[in-house]
$ cat structure_35.cif   # mmCIF, N, CA and C atoms
data_target
#
loop_
_atom_site.label_atom_id
_atom_site.label_comp_id
_atom_site.auth_asym_id
_atom_site.auth_seq_id
_atom_site.Cartn_x
_atom_site.Cartn_y
_atom_site.Cartn_z
N MET A 1 149.87 98.10 121.79
CA MET A 1 148.60 97.45 121.57
C MET A 1 148.03 97.01 122.93
N THR A 2 146.77 97.33 123.17
CA THR A 2 146.11 97.00 124.42
C THR A 2 145.55 95.59 124.35
N ALA A 3 145.76 94.83 125.40
CA ALA A 3 145.24 93.46 125.47
C ALA A 3 143.72 93.50 125.68
N ILE A 4 143.05 92.56 125.05
CA ILE A 4 141.60 92.42 125.24
C ILE A 4 141.39 91.63 126.52
N THR A 5 140.57 92.18 127.40
CA THR A 5 140.33 91.54 128.69
C THR A 5 139.02 90.74 128.67
N THR A 6 138.85 89.93 129.69
CA THR A 6 137.60 89.19 129.86
C THR A 6 136.45 90.16 130.02
N THR A 7 136.70 91.26 130.71
CA THR A 7 135.66 92.28 130.87
C THR A 7 135.25 92.85 129.52
N ASP A 8 136.23 93.12 128.65
CA ASP A 8 135.93 93.62 127.30
C ASP A 8 135.00 92.65 126.57
N LEU A 9 135.35 91.37 126.58
CA LEU A 9 134.55 90.36 125.88
C LEU A 9 133.13 90.29 126.43
N ASN A 10 133.01 90.35 127.76
CA ASN A 10 131.68 90.31 128.37
C ASN A 10 130.86 91.54 128.02
N VAL A 11 131.48 92.70 128.00
CA VAL A 11 130.79 93.93 127.64
C VAL A 11 130.33 93.86 126.18
N TRP A 12 131.19 93.37 125.30
CA TRP A 12 130.83 93.25 123.89
C TRP A 12 129.63 92.30 123.72
N GLN A 13 129.68 91.18 124.42
CA GLN A 13 128.56 90.24 124.32
C GLN A 13 127.28 90.87 124.88
N TYR A 14 127.38 91.56 125.99
CA TYR A 14 126.22 92.19 126.60
C TYR A 14 125.57 93.19 125.64
N ARG A 15 126.41 94.03 125.04
CA ARG A 15 125.91 95.02 124.08
C ARG A 15 125.23 94.31 122.90
N THR A 16 125.80 93.21 122.45
CA THR A 16 125.24 92.46 121.33
C THR A 16 123.92 91.80 121.71
N VAL A 17 123.84 91.28 122.92
CA VAL A 17 122.58 90.68 123.40
C VAL A 17 121.47 91.74 123.38
N LYS A 18 121.77 92.94 123.86
CA LYS A 18 120.78 94.01 123.85
C LYS A 18 120.35 94.35 122.42
N GLU A 19 121.29 94.38 121.50
CA GLU A 19 120.95 94.68 120.11
C GLU A 19 120.16 93.54 119.48
N LEU A 20 120.52 92.30 119.81
CA LEU A 20 119.77 91.15 119.28
C LEU A 20 118.33 91.18 119.78
N LEU A 21 118.14 91.57 121.02
CA LEU A 21 116.79 91.68 121.56
C LEU A 21 115.97 92.67 120.73
N ALA A 22 116.56 93.80 120.36
CA ALA A 22 115.87 94.79 119.53
C ALA A 22 115.56 94.22 118.14
N ILE A 23 116.51 93.46 117.57
CA ILE A 23 116.30 92.86 116.25
C ILE A 23 115.18 91.85 116.29
N VAL A 24 115.19 90.97 117.29
CA VAL A 24 114.16 89.94 117.41
C VAL A 24 112.80 90.58 117.68
N ASP A 25 112.77 91.62 118.51
CA ASP A 25 111.53 92.32 118.79
C ASP A 25 110.93 92.91 117.52
N SER A 26 111.76 93.53 116.68
CA SER A 26 111.25 94.11 115.43
C SER A 26 110.76 93.01 114.49
N GLY A 27 111.46 91.88 114.48
CA GLY A 27 111.02 90.76 113.66
C GLY A 27 109.69 90.20 114.12
N LEU A 28 109.51 90.11 115.43
CA LEU A 28 108.26 89.62 115.99
C LEU A 28 107.10 90.55 115.62
N LYS A 29 107.31 91.84 115.79
CA LYS A 29 106.26 92.82 115.47
C LYS A 29 105.91 92.81 113.99
N ALA A 30 106.89 92.58 113.13
CA ALA A 30 106.66 92.57 111.68
C ALA A 30 106.25 91.18 111.18
N GLU A 31 106.17 90.20 112.10
CA GLU A 31 105.85 88.82 111.75
C GLU A 31 106.82 88.25 110.72
N ARG A 32 108.10 88.61 110.88
CA ARG A 32 109.16 88.11 110.02
C ARG A 32 109.56 86.71 110.47
N HIS A 33 109.88 85.84 109.53
CA HIS A 33 110.33 84.49 109.89
C HIS A 33 111.62 84.61 110.71
N PRO A 34 111.71 83.93 111.85
CA PRO A 34 112.90 84.07 112.70
C PRO A 34 114.13 83.39 112.10
N LEU A 35 115.28 83.91 112.47
CA LEU A 35 116.56 83.30 112.11
C LEU A 35 117.10 82.55 113.32
N GLU A 36 118.05 81.66 113.08
CA GLU A 36 118.79 81.00 114.15
C GLU A 36 119.97 81.92 114.47
N TRP A 37 119.96 82.53 115.65
CA TRP A 37 120.98 83.52 116.02
C TRP A 37 122.05 82.92 116.92
N THR A 38 123.29 83.35 116.70
CA THR A 38 124.43 82.99 117.54
C THR A 38 125.20 84.28 117.84
N ILE A 39 125.71 84.37 119.07
CA ILE A 39 126.57 85.50 119.46
C ILE A 39 127.95 84.94 119.77
N THR A 40 128.97 85.51 119.13
CA THR A 40 130.34 85.04 119.36
C THR A 40 130.91 85.66 120.64
N SER A 41 132.02 85.13 121.10
CA SER A 41 132.65 85.66 122.31
C SER A 41 133.15 87.09 122.10
N SER A 42 133.38 87.49 120.85
CA SER A 42 133.82 88.85 120.57
C SER A 42 132.66 89.79 120.27
N GLY A 43 131.41 89.30 120.45
CA GLY A 43 130.25 90.16 120.31
C GLY A 43 129.73 90.33 118.90
N HIS A 44 130.02 89.40 118.01
CA HIS A 44 129.46 89.44 116.66
C HIS A 44 128.21 88.58 116.60
N LEU A 45 127.29 88.95 115.69
CA LEU A 45 126.06 88.20 115.49
C LEU A 45 126.14 87.35 114.23
N ARG A 46 125.55 86.18 114.30
CA ARG A 46 125.40 85.32 113.12
C ARG A 46 123.95 84.87 113.08
N GLY A 47 123.26 85.21 112.00
CA GLY A 47 121.88 84.79 111.81
C GLY A 47 121.79 83.85 110.62
N VAL A 48 121.14 82.71 110.80
CA VAL A 48 121.05 81.71 109.74
C VAL A 48 119.59 81.38 109.46
N VAL A 49 119.25 81.33 108.18
CA VAL A 49 117.94 80.84 107.78
C VAL A 49 118.01 79.32 107.94
N GLY A 50 117.27 78.78 108.90
CA GLY A 50 117.39 77.37 109.25
C GLY A 50 116.80 76.42 108.23
N LYS A 51 117.52 75.35 107.98
CA LYS A 51 117.01 74.29 107.11
C LYS A 51 115.88 73.49 107.75
N PRO A 52 115.91 73.27 109.06
CA PRO A 52 114.85 72.46 109.67
C PRO A 52 113.47 73.10 109.60
N ASP A 53 113.38 74.36 109.17
CA ASP A 53 112.10 75.05 109.13
C ASP A 53 111.19 74.56 108.01
N ARG A 54 111.68 73.66 107.19
CA ARG A 54 110.90 73.05 106.10
C ARG A 54 110.36 74.07 105.11
N LEU A 55 111.12 75.11 104.86
CA LEU A 55 110.75 76.09 103.85
C LEU A 55 111.34 75.66 102.52
N SER A 56 110.68 76.01 101.43
CA SER A 56 111.24 75.75 100.11
C SER A 56 112.48 76.63 99.92
N GLU A 57 113.30 76.30 98.94
CA GLU A 57 114.48 77.13 98.70
C GLU A 57 114.07 78.55 98.33
N ASN A 58 112.99 78.71 97.58
CA ASN A 58 112.52 80.07 97.22
C ASN A 58 112.09 80.83 98.47
N ASP A 59 111.40 80.14 99.39
CA ASP A 59 110.97 80.79 100.63
C ASP A 59 112.17 81.14 101.50
N ARG A 60 113.16 80.24 101.56
CA ARG A 60 114.36 80.52 102.35
C ARG A 60 115.11 81.72 101.78
N GLN A 61 115.16 81.81 100.45
CA GLN A 61 115.78 82.96 99.78
C GLN A 61 115.03 84.24 100.14
N ALA A 62 113.70 84.17 100.14
CA ALA A 62 112.88 85.35 100.47
C ALA A 62 113.10 85.79 101.92
N VAL A 63 113.22 84.82 102.85
CA VAL A 63 113.49 85.14 104.25
C VAL A 63 114.85 85.84 104.36
N PHE A 64 115.86 85.29 103.69
CA PHE A 64 117.20 85.89 103.69
C PHE A 64 117.14 87.31 103.14
N ASP A 65 116.48 87.48 101.99
CA ASP A 65 116.40 88.80 101.35
C ASP A 65 115.71 89.82 102.25
N GLU A 66 114.64 89.40 102.93
CA GLU A 66 113.90 90.31 103.81
C GLU A 66 114.78 90.75 104.98
N TRP A 67 115.48 89.80 105.62
CA TRP A 67 116.35 90.16 106.73
C TRP A 67 117.52 91.03 106.25
N ALA A 68 118.06 90.74 105.08
CA ALA A 68 119.16 91.56 104.55
C ALA A 68 118.68 93.00 104.34
N ARG A 69 117.46 93.15 103.85
CA ARG A 69 116.90 94.49 103.64
C ARG A 69 116.69 95.21 104.98
N VAL A 70 116.08 94.52 105.93
CA VAL A 70 115.77 95.12 107.23
C VAL A 70 117.05 95.51 107.98
N LEU A 71 118.08 94.67 107.87
CA LEU A 71 119.34 94.94 108.58
C LEU A 71 120.26 95.87 107.79
N ASP A 72 119.80 96.30 106.61
CA ASP A 72 120.60 97.17 105.74
C ASP A 72 121.98 96.55 105.49
N ALA A 73 121.94 95.26 105.16
CA ALA A 73 123.17 94.49 104.96
C ALA A 73 123.82 94.83 103.63
N GLU A 74 125.10 94.56 103.56
CA GLU A 74 125.84 94.68 102.30
C GLU A 74 125.29 93.67 101.30
N PRO A 75 125.52 93.88 100.00
CA PRO A 75 125.08 92.87 99.04
C PRO A 75 125.71 91.51 99.39
N PRO A 76 124.94 90.43 99.23
CA PRO A 76 125.44 89.12 99.65
C PRO A 76 126.59 88.62 98.78
N ARG A 77 127.48 87.87 99.43
CA ARG A 77 128.54 87.14 98.74
C ARG A 77 128.08 85.70 98.58
N GLN A 78 128.36 85.11 97.45
CA GLN A 78 128.02 83.71 97.23
C GLN A 78 129.30 82.89 97.25
N SER A 79 129.28 81.81 98.02
CA SER A 79 130.43 80.90 98.03
C SER A 79 129.93 79.50 97.72
N HIS A 80 130.81 78.75 97.08
CA HIS A 80 130.47 77.38 96.68
C HIS A 80 131.09 76.41 97.68
N ARG A 81 130.27 75.51 98.17
CA ARG A 81 130.74 74.52 99.12
C ARG A 81 131.29 73.30 98.39
N ILE A 82 132.09 72.52 99.08
CA ILE A 82 132.71 71.34 98.50
C ILE A 82 131.68 70.28 98.07
N ASP A 83 130.50 70.30 98.74
CA ASP A 83 129.46 69.33 98.39
C ASP A 83 128.63 69.77 97.19
N GLY A 84 128.98 70.92 96.58
CA GLY A 84 128.27 71.40 95.41
C GLY A 84 127.19 72.41 95.73
N GLY A 85 126.89 72.60 97.00
CA GLY A 85 125.89 73.59 97.40
C GLY A 85 126.49 74.98 97.43
N THR A 86 125.65 75.95 97.73
CA THR A 86 126.11 77.34 97.82
C THR A 86 125.66 77.95 99.14
N THR A 87 126.39 78.97 99.56
CA THR A 87 126.06 79.73 100.76
C THR A 87 126.05 81.20 100.38
N LEU A 88 125.01 81.90 100.79
CA LEU A 88 124.95 83.35 100.65
C LEU A 88 125.22 83.96 102.02
N THR A 89 126.09 84.97 102.06
CA THR A 89 126.43 85.65 103.30
C THR A 89 126.35 87.15 103.07
N ALA A 90 125.65 87.84 103.96
CA ALA A 90 125.54 89.30 103.89
C ALA A 90 125.92 89.87 105.25
N THR A 91 126.86 90.81 105.28
CA THR A 91 127.31 91.43 106.53
C THR A 91 126.51 92.69 106.82
N PHE A 92 126.43 93.03 108.10
CA PHE A 92 125.71 94.23 108.52
C PHE A 92 126.35 94.80 109.77
N GLU A 93 126.02 96.06 110.05
CA GLU A 93 126.42 96.74 111.29
C GLU A 93 125.20 97.42 111.87
N ARG A 94 125.10 97.37 113.19
CA ARG A 94 124.02 98.06 113.90
C ARG A 94 124.67 99.08 114.83
N PRO A 95 124.35 100.36 114.64
CA PRO A 95 124.96 101.38 115.51
C PRO A 95 124.47 101.24 116.94
N THR A 96 125.35 101.52 117.89
CA THR A 96 124.99 101.58 119.31
C THR A 96 125.58 102.88 119.85
N ASN A 97 125.40 103.12 121.13
CA ASN A 97 125.96 104.34 121.72
C ASN A 97 127.48 104.23 121.89
N ARG A 98 128.04 103.09 121.61
CA ARG A 98 129.50 102.90 121.65
C ARG A 98 129.94 102.45 120.27
N THR A 99 130.59 101.32 120.17
CA THR A 99 130.98 100.81 118.85
C THR A 99 129.82 100.01 118.26
N PRO A 100 129.74 99.93 116.94
CA PRO A 100 128.62 99.20 116.33
C PRO A 100 128.71 97.70 116.59
N VAL A 101 127.55 97.07 116.60
CA VAL A 101 127.48 95.61 116.64
C VAL A 101 127.56 95.14 115.20
N LYS A 102 128.48 94.24 114.94
CA LYS A 102 128.68 93.72 113.58
C LYS A 102 128.18 92.29 113.51
N GLY A 103 127.76 91.90 112.33
CA GLY A 103 127.29 90.54 112.17
C GLY A 103 127.10 90.17 110.72
N PHE A 104 126.56 88.98 110.53
CA PHE A 104 126.25 88.53 109.18
C PHE A 104 125.07 87.57 109.24
N ILE A 105 124.39 87.45 108.11
CA ILE A 105 123.32 86.48 107.96
C ILE A 105 123.70 85.54 106.83
N GLN A 106 123.19 84.31 106.92
CA GLN A 106 123.53 83.31 105.93
C GLN A 106 122.32 82.45 105.58
N VAL A 107 122.37 81.92 104.37
CA VAL A 107 121.44 80.89 103.95
C VAL A 107 122.24 79.92 103.08
N GLU A 108 121.99 78.64 103.27
CA GLU A 108 122.68 77.61 102.49
C GLU A 108 121.68 76.90 101.60
N PHE A 109 122.14 76.59 100.39
CA PHE A 109 121.33 75.85 99.44
C PHE A 109 122.08 74.59 99.03
N ASP A 110 121.37 73.48 98.97
CA ASP A 110 121.97 72.23 98.57
C ASP A 110 122.28 72.26 97.08
N ALA A 111 123.16 71.34 96.67
CA ALA A 111 123.48 71.21 95.25
C ALA A 111 122.24 70.77 94.50
N PRO A 112 122.09 71.25 93.27
CA PRO A 112 120.94 70.81 92.48
C PRO A 112 121.00 69.30 92.23
N ASP A 113 119.82 68.69 92.22
CA ASP A 113 119.75 67.25 91.90
C ASP A 113 120.13 67.04 90.45
N GLU A 114 120.96 66.04 90.23
CA GLU A 114 121.34 65.71 88.85
C GLU A 114 120.48 64.54 88.40
N ASP A 115 119.65 64.80 87.40
CA ASP A 115 118.78 63.73 86.88
C ASP A 115 119.32 63.19 85.60
#

$ encode --input "structure_35.cif" --output "structure tokens"
Amino acid sequence: MTAITTTDLNVWQYRTVKELLAIVDSGLKAERHPLEWTITSSGHLRGVVGKPDRLSENDRQAVFDEWARVLDAEPPRQSHRIDGGTTLTATFERPTNRTPVKGFIQVEFDAPDED
């Protein structure tokens, strides 16, 4: 088994930054609502529909669905949080001239109000 070097990690991040630039550029041109993006040290992408954007839950769901469609993501997985809320996560891969850039997008919903 070959050890992963610092150079490997930097190259993976660099490739992911270039791919993220292409994703953000396409979102800008299409006037898509932006996601909060994070790049891991191993070169994976995480895109989150931000809560501070003051969108309704239906609008946040629509933003998530649009990005999942554009990124050709796998069908979303739903997980239940300990606070009663739910998280939707959809994974995707973006081909590059080397190995694909992998990532996921997420949206979180609060627990329903109990009246």

$ select_by_dssp --input "structure_35.cif" --residues "region 53-83 of chain A" --states "strand (DSSP E or B)" --output "list in words"
Arg77, Gln78, Ser79 and His80 of chain A

$ resolve_selection --input "structure_35.cif" --expression "the PyMOL selection byres ((chain A and resi 96-102) around 6)" --output "PyMOL selection string"
chain A and resi 43-45+92-95+103-104

$ residues_around --input "structure_35.cif" --residues "region 70-81 of chain A" --least-positions-apart "3" --cutoff "12 Å" --atoms "only C-alpha atoms" --output "JSON, numbers by chain"
{"A": [19, 20, 22, 23, 24, 26, 27, 30, 32, 45, 47, 61, 63, 64, 65, 66, 67, 84, 85, 86, 87, 88, 89, 90, 91, 92, 93, 94, 95, 101, 102, 103, 104, 105, 106, 107, 108, 109, 110, 111]}

$ resolve_selection --input "structure_35.cif" --expression "the PyMOL selection byres (((chain A and resi 50 and name CA) around 9) and name CA)" --output "PDB file with N, CA and C atoms, in the coordinates of the input"
ATOM      1  N   PRO A  34     111.710  83.930 111.850  1.00  0.00           N
ATOM      2  CA  PRO A  34     112.900  84.070 112.700  1.00  0.00           C
ATOM      3  C   PRO A  34     114.130  83.390 112.100  1.00  0.00           C
ATOM      4  N   LEU A  35     115.280  83.910 112.470  1.00  0.00           N
ATOM      5  CA  LEU A  35     116.560  83.300 112.110  1.00  0.00           C
ATOM      6  C   LEU A  35     117.100  82.550 113.320  1.00  0.00           C
ATOM      7  N   GLU A  36     118.050  81.660 113.080  1.00  0.00           N
ATOM      8  CA  GLU A  36     118.790  81.000 114.150  1.00  0.00           C
ATOM      9  C   GLU A  36     119.970  81.920 114.470  1.00  0.00           C
ATOM     10  N   VAL A  48     121.140  82.710 110.800  1.00  0.00           N
ATOM     11  CA  VAL A  48     121.050  81.710 109.740  1.00  0.00           C
ATOM     12  C   VAL A  48     119.590  81.380 109.460  1.00  0.00           C
ATOM     13  N   VAL A  49     119.250  81.330 108.180  1.00  0.00           N
ATOM     14  CA  VAL A  49     117.940  80.840 107.780  1.00  0.00           C
ATOM     15  C   VAL A  49     118.010  79.320 107.940  1.00  0.00           C
ATOM     16  N   LYS A  51     117.520  75.350 107.980  1.00  0.00           N
ATOM     17  CA  LYS A  51     117.010  74.290 107.110  1.00  0.00           C
ATOM     18  C   LYS A  51     115.880  73.490 107.750  1.00  0.00           C
ATOM     19  N   PRO A  52     115.910  73.270 109.060  1.00  0.00           N
ATOM     20  CA  PRO A  52     114.850  72.460 109.670  1.00  0.00           C
ATOM     21  C   PRO A  52     113.470  73.100 109.600  1.00  0.00           C
ATOM     22  N   ASP A  53     113.380  74.360 109.170  1.00  0.00           N
ATOM     23  CA  ASP A  53     112.100  75.050 109.130  1.00  0.00           C
ATOM     24  C   ASP A  53     111.190  74.560 108.010  1.00  0.00           C
ATOM     25  N   ARG A  54     111.680  73.660 107.190  1.00  0.00           N
ATOM     26  CA  ARG A  54     110.900  73.050 106.100  1.00  0.00           C
ATOM     27  C   ARG A  54     110.360  74.070 105.110  1.00  0.00           C
ATOM     28  N   LEU A  55     111.120  75.110 104.860  1.00  0.00           N
ATOM     29  CA  LEU A  55     110.750  76.090 103.850  1.00  0.00           C
ATOM     30  C   LEU A  55     111.340  75.660 102.520  1.00  0.00           C
ATOM     31  N   ARG A  60     113.160  80.240 101.560  1.00  0.00           N
ATOM     32  CA  ARG A  60     114.360  80.520 102.350  1.00  0.00           C
ATOM     33  C   ARG A  60     115.110  81.720 101.780  1.00  0.00           C
ATOM     34  N   VAL A 107     122.370  81.920 104.370  1.00  0.00           N
ATOM     35  CA  VAL A 107     121.440  80.890 103.950  1.00  0.00           C
ATOM     36  C   VAL A 107     122.240  79.920 103.080  1.00  0.00           C
ATOM     37  N   GLU A 108     121.990  78.640 103.270  1.00  0.00           N
ATOM     38  CA  GLU A 108     122.680  77.610 102.490  1.00  0.00           C
ATOM     39  C   GLU A 108     121.680  76.900 101.600  1.00  0.00           C
TER      40      GLU A 108
END

$ atom_distance --input "structure_35.cif" --atom1 "CA of Leu28 (chain A)" --atom2 "atom C of Ala62 (chain A)"
15.4 Å

$ atom_distance --input "structure_35.cif" --atom1 "atom N of Ala68 (chain A)" --atom2 "CA of Gln13 (chain A)"
21.9 Å

$ select_by_dssp --input "structure_35.cif" --residues "chain A" --states "helix (DSSP H, G or I)" --output "ChimeraX atom specification"
/A:6-29,51-53,57-70

$ atom_distance --input "structure_35.cif" --atom1 "CA of Ser41 (chain A)" --atom2 "atom C of Lys29 (chain A)"
28.9 Å
